[in-house]
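Note sheet for the following structure.
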Amino acid sequence: MNPYKIFLLYELTHTLPKIFPKNHFKQPPIMGSLSPLLHRSSAASHRIFVPFCDRNAAAGDATTFIDCYTPSTNTWHRVTSIPASAEGLVLKDFSMVAFGHHIYVLGGRLCRRPAEVGSSAAAVDGEFRPRAVATVRRYDVGADRWEMCAEMSEARFSFACTVCGGGIYVAGGQSLPGRARGISSSEVYDPATDQWRSLANMSRMRYKCVGVTWKRRILVVGGFVGGENFGPYDHIARSSAEVYDAERDKWIYVARMWDLDVPPRQIVAVNDKLFSSGDCLQSWKGHIESYDEKESIWNVVHRSSFNCMSPTYTAEGTTSTGRCYITMAPVRNHLYFLTGYSMPGEGSLLRSEVHVFDTSNSGGGWRSLESIDEVGEKELCGHCCVLSDDE
């Protein structure tokens, strides 16, 4: 066997369990009085909120808005628009999480119009330049009202964010648009007191990293990584992760927890298992992968291969002019994949599809719900979040 493969196998089977043993890390403290994010309730009690912007909006009409998908009825409806600091600005690359009966929108990058949101150029549209924000807003779903919250200590976008132990944790990201350089700072927000508390810096600067709470541990996985002795093109560093040790207020570097040197797109936890389905270059790999903690590798989930979410073909086999978005949401034992396609023809037409995978051992694999057509095209501005009405 190749000596490098022998070394890699040893690292995966011996080193990681020592760094990341069970019950080694103190659980983050419960803050405030709000209950955990999700309870074991039926899909009827859950709603999936997804942030979009209109791809064809004129510069002055551009906004970031939130649509809601209801799994029990397979329906979409417009909920609200995210307030911006000035008319016509679009917010993207922010984090959105559900906590209690609120939707929190944290950080992000303000841009002039949707067509320029993905641009890496610093100067656009006159004198306005895309800029990172530290703003935090929360939306009261029941009252249909936005509220301002305390700002983060540092502006950031494309960062890791997760809810754990009654707090909202953020780490890494970028603070300067147009520069391929991440930050290492982290902090936690207590919704009960509306206060932020700074945490230790991660061992590496990371952006486009993914945050996930797994077995009460806070993980920051992958991302473009920099730091001492680690350049932005170091493939080993980009496949690493960091786990927060609350007792020592320290981030523990974990090598090779992510399979690729390309940052993951999303990682979600369902019943103490981690699932992923794409990365920053390939938003849908054609299957779902789960993390094997014992072997420290990602494996393709049985019966998860699925060809109905290709970049160009809809579930009905109709040729589209391109996939506009795809995002994944965990609901009980299921993974909901929400995807939209730009359809050919006069005017702008979007076909929204929802595909559901049962992660349980006795599950029936995939099922696809009836697609929905709507006028206009929209693009994803951040990943979705799930709110439970049982809280």
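Going by the structure tokens order, chains are called A, B, ..., each with residues numbered from 1, while ligands are numbered from 1 in the order shown.
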
Could you name the residues that touch Gly222 of chain A at 6 Å or less, counting only C-alpha atoms, but leaving out those on the same chain fewer than 5 positions away, as a ChimeraX atom specification?
/A:209,238-241,263

DSSP strand (DSSP E or B) residues within segment 107-353 of chain A, listed as a PyMOL selection string:
chain A and resi 109-111+131-132+136-140+145-149+157+160-164+167-171+174+183+186-190+195-199+205-207+210-214+217-221+224-227+230+241-245+250-254+264+267-270+273-276+279+289-292+297-300+313+319+322-331+334-343+349-353

Based on the selection just made, write C-alpha atoms of those residues as a tab-separated table (two decimals), in the first residue's frame.
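Saved file out32.tsv follows:
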```tsv
chain	number	residue	atom	x	y	z
A	109	ARG	CA	-22.80	41.59	2.64
A	110	LEU	CA	-24.75	44.57	1.27
A	111	CYS	CA	-24.73	45.02	-2.50
A	131	ARG	CA	-19.59	46.03	2.43
A	132	ALA	CA	-19.80	43.56	5.27
A	136	VAL	CA	-28.46	41.48	13.60
A	137	ARG	CA	-32.21	41.57	13.10
A	138	ARG	CA	-34.91	39.23	14.24
A	139	TYR	CA	-38.31	38.65	12.73
A	140	ASP	CA	-41.25	37.87	15.00
A	145	ARG	CA	-42.56	42.48	12.93
A	146	TRP	CA	-38.81	43.13	12.59
A	147	GLU	CA	-36.71	44.09	15.59
A	148	MET	CA	-33.12	45.31	15.82
A	149	CYS	CA	-30.76	43.31	18.04
A	157	PHE	CA	-20.22	37.37	5.80
A	160	ALA	CA	-20.22	29.65	10.26
A	161	CYS	CA	-23.32	29.94	12.43
A	162	THR	CA	-25.21	27.47	14.61
A	163	VAL	CA	-27.61	27.35	17.56
A	164	CYS	CA	-26.51	25.46	20.67
A	167	GLY	CA	-27.09	30.69	22.23
A	168	ILE	CA	-26.33	31.59	18.62
A	169	TYR	CA	-22.66	30.96	17.80
A	170	VAL	CA	-20.81	32.60	14.90
A	171	ALA	CA	-17.22	32.06	13.76
A	174	GLN	CA	-14.90	37.53	5.68
A	183	ILE	CA	-11.10	35.96	9.93
A	186	SER	CA	-15.90	33.92	17.17
A	187	GLU	CA	-18.66	35.06	19.49
A	188	VAL	CA	-21.97	33.93	20.97
A	189	TYR	CA	-25.29	35.76	21.24
A	190	ASP	CA	-27.77	35.29	24.08
A	195	GLN	CA	-25.91	40.50	24.40
A	196	TRP	CA	-22.87	39.19	22.56
A	197	ARG	CA	-19.89	37.60	24.27
A	198	SER	CA	-16.53	37.21	22.55
A	199	LEU	CA	-15.01	33.73	22.43
A	205	MET	CA	-8.73	32.08	9.62
A	206	ARG	CA	-11.68	30.62	7.71
A	207	TYR	CA	-14.41	31.78	5.35
A	210	VAL	CA	-20.03	25.68	7.79
A	211	GLY	CA	-21.29	25.70	11.37
A	212	VAL	CA	-23.28	22.79	12.81
A	213	THR	CA	-24.27	21.59	16.28
A	214	TRP	CA	-23.62	17.88	16.66
A	217	ARG	CA	-20.72	20.14	20.20
A	218	ILE	CA	-20.15	23.22	18.09
A	219	LEU	CA	-18.29	22.42	14.88
A	220	VAL	CA	-16.88	24.70	12.20
A	221	VAL	CA	-16.10	22.60	9.15
A	224	PHE	CA	-10.93	28.51	2.71
A	225	VAL	CA	-8.29	28.54	5.42
A	226	GLY	CA	-5.39	30.81	6.27
A	227	GLY	CA	-3.09	31.39	9.21
A	230	PHE	CA	-1.23	27.65	6.23
A	241	ALA	CA	-12.54	21.41	11.13
A	242	GLU	CA	-12.54	23.03	14.55
A	243	VAL	CA	-14.59	22.08	17.59
A	244	TYR	CA	-15.28	24.48	20.44
A	245	ASP	CA	-14.27	23.42	23.95
A	250	LYS	CA	-10.63	27.04	23.07
A	251	TRP	CA	-11.06	25.80	19.52
A	252	ILE	CA	-9.55	22.37	18.84
A	253	TYR	CA	-8.16	21.83	15.35
A	254	VAL	CA	-9.32	18.55	13.77
A	264	PRO	CA	-18.91	22.20	2.05
A	267	ILE	CA	-23.91	20.17	6.75
A	268	VAL	CA	-26.91	19.33	8.93
A	269	ALA	CA	-27.42	17.06	11.92
A	270	VAL	CA	-30.31	14.58	12.11
A	273	LYS	CA	-25.76	12.00	12.36
A	274	LEU	CA	-24.13	14.54	10.06
A	275	PHE	CA	-25.33	14.79	6.47
A	276	SER	CA	-23.98	16.67	3.47
A	279	ASP	CA	-19.91	21.74	-1.89
A	289	GLU	CA	-23.22	11.55	2.40
A	290	SER	CA	-23.12	10.87	6.15
A	291	TYR	CA	-20.19	11.16	8.52
A	292	ASP	CA	-18.88	7.98	10.14
A	297	ILE	CA	-14.87	9.32	6.86
A	298	TRP	CA	-17.88	10.40	4.81
A	299	ASN	CA	-19.90	7.61	3.19
A	300	VAL	CA	-22.61	7.68	0.53
A	313	TYR	CA	-33.24	18.90	-15.94
A	319	THR	CA	-35.08	20.88	-19.97
A	322	GLY	CA	-30.47	26.37	-15.44
A	323	ARG	CA	-30.96	25.63	-11.78
A	324	CYS	CA	-31.47	28.85	-9.80
A	325	TYR	CA	-31.06	27.49	-6.29
A	326	ILE	CA	-30.90	24.45	-4.05
A	327	THR	CA	-30.96	24.30	-0.26
A	328	MET	CA	-31.38	21.51	2.30
A	329	ALA	CA	-33.51	21.53	5.46
A	330	PRO	CA	-33.70	18.89	8.23
A	331	VAL	CA	-37.20	18.10	9.50
A	334	HIS	CA	-36.19	13.77	6.79
A	335	LEU	CA	-34.05	15.98	4.60
A	336	TYR	CA	-36.02	18.41	2.46
A	337	PHE	CA	-34.30	19.62	-0.70
A	338	LEU	CA	-35.84	22.81	-2.07
A	339	THR	CA	-34.74	23.61	-5.59
A	340	GLY	CA	-35.79	25.98	-8.36
A	341	TYR	CA	-35.27	26.01	-12.13
A	342	SER	CA	-35.43	28.79	-14.66
A	343	MET	CA	-37.77	27.58	-17.40
A	349	LEU	CA	-40.73	31.50	-15.20
A	350	LEU	CA	-39.51	29.59	-12.17
A	351	ARG	CA	-40.33	25.97	-11.39
A	352	SER	CA	-39.98	25.11	-7.71
A	353	GLU	CA	-39.49	21.47	-6.72
```

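Here atom CA of Val105 of chain A stands at a distance of 18.0 Å from atom CA of Glu87 of chain A.
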
Quick one: of A:Cys68, A:Gly173, A:Phe49, A:Leu380, who's nearest to Met96 of chain A, counting only C-alpha atoms?
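Going through A:Cys68, A:Gly173, A:Phe49, A:Leu380 one by one, the smallest distance to Met96 of chain A is for A:Phe49.
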
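Nearest to Thr75 of chain A of all the residues A:Leu369, A:Val133, A:Cys53, A:Val375 is A:Leu369, counting only C-alpha atoms.
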
Pick out the residues sitting within 12 Å of Leu281 of chain A, and hand them over as a VMD selection string; count only C-alpha atoms, and ignore anything fewer than 3 positions along from it in its own chain.
chain A and resid 208 260 to 265 277 to 278 284 to 285

Kindly give the distance, in Å, that separates atom CA of Phe306 of chain A and atom CA of Gln282 of chain A, rounded to a single decimal.
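Interatomic distance, atom CA of Phe306 of chain A to atom CA of Gln282 of chain A: 14.4 Å.
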
Between atom CA of Pro344 of chain A and atom CA of Gly382 of chain A, what is the distance, to one decimal in Å?
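Rounded to one decimal, the two atoms are 25.4 Å apart.
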
Members of segment 201-250 of chain A assigned alpha helix (DSSP H) by DSSP, as a ChimeraX atom specification:
/A:235-238

Those same residues - C-alpha atoms - I'd like them written as a compact mmCIF listing (two decimals), in the first residue's frame.
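Output file selection.txt is given in full below:
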```txt
# COMPACT_ATOMS: atom_id res chain seq x y z
CA HIS A 235 -5.72 21.49 0.66
CA ILE A 236 -5.12 19.76 4.00
CA ALA A 237 -6.19 22.83 5.97
CA ARG A 238 -9.31 23.25 3.85
```

Near-Ser362 of chain A list (12 Å; only C-alpha atoms; drop same-chain fewer than 3 positions) as a list in words:
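Within the cut-off, the hits are His302, Arg303, Asn333, Phe357, Asp358, Thr359 and Gly365 of chain A.
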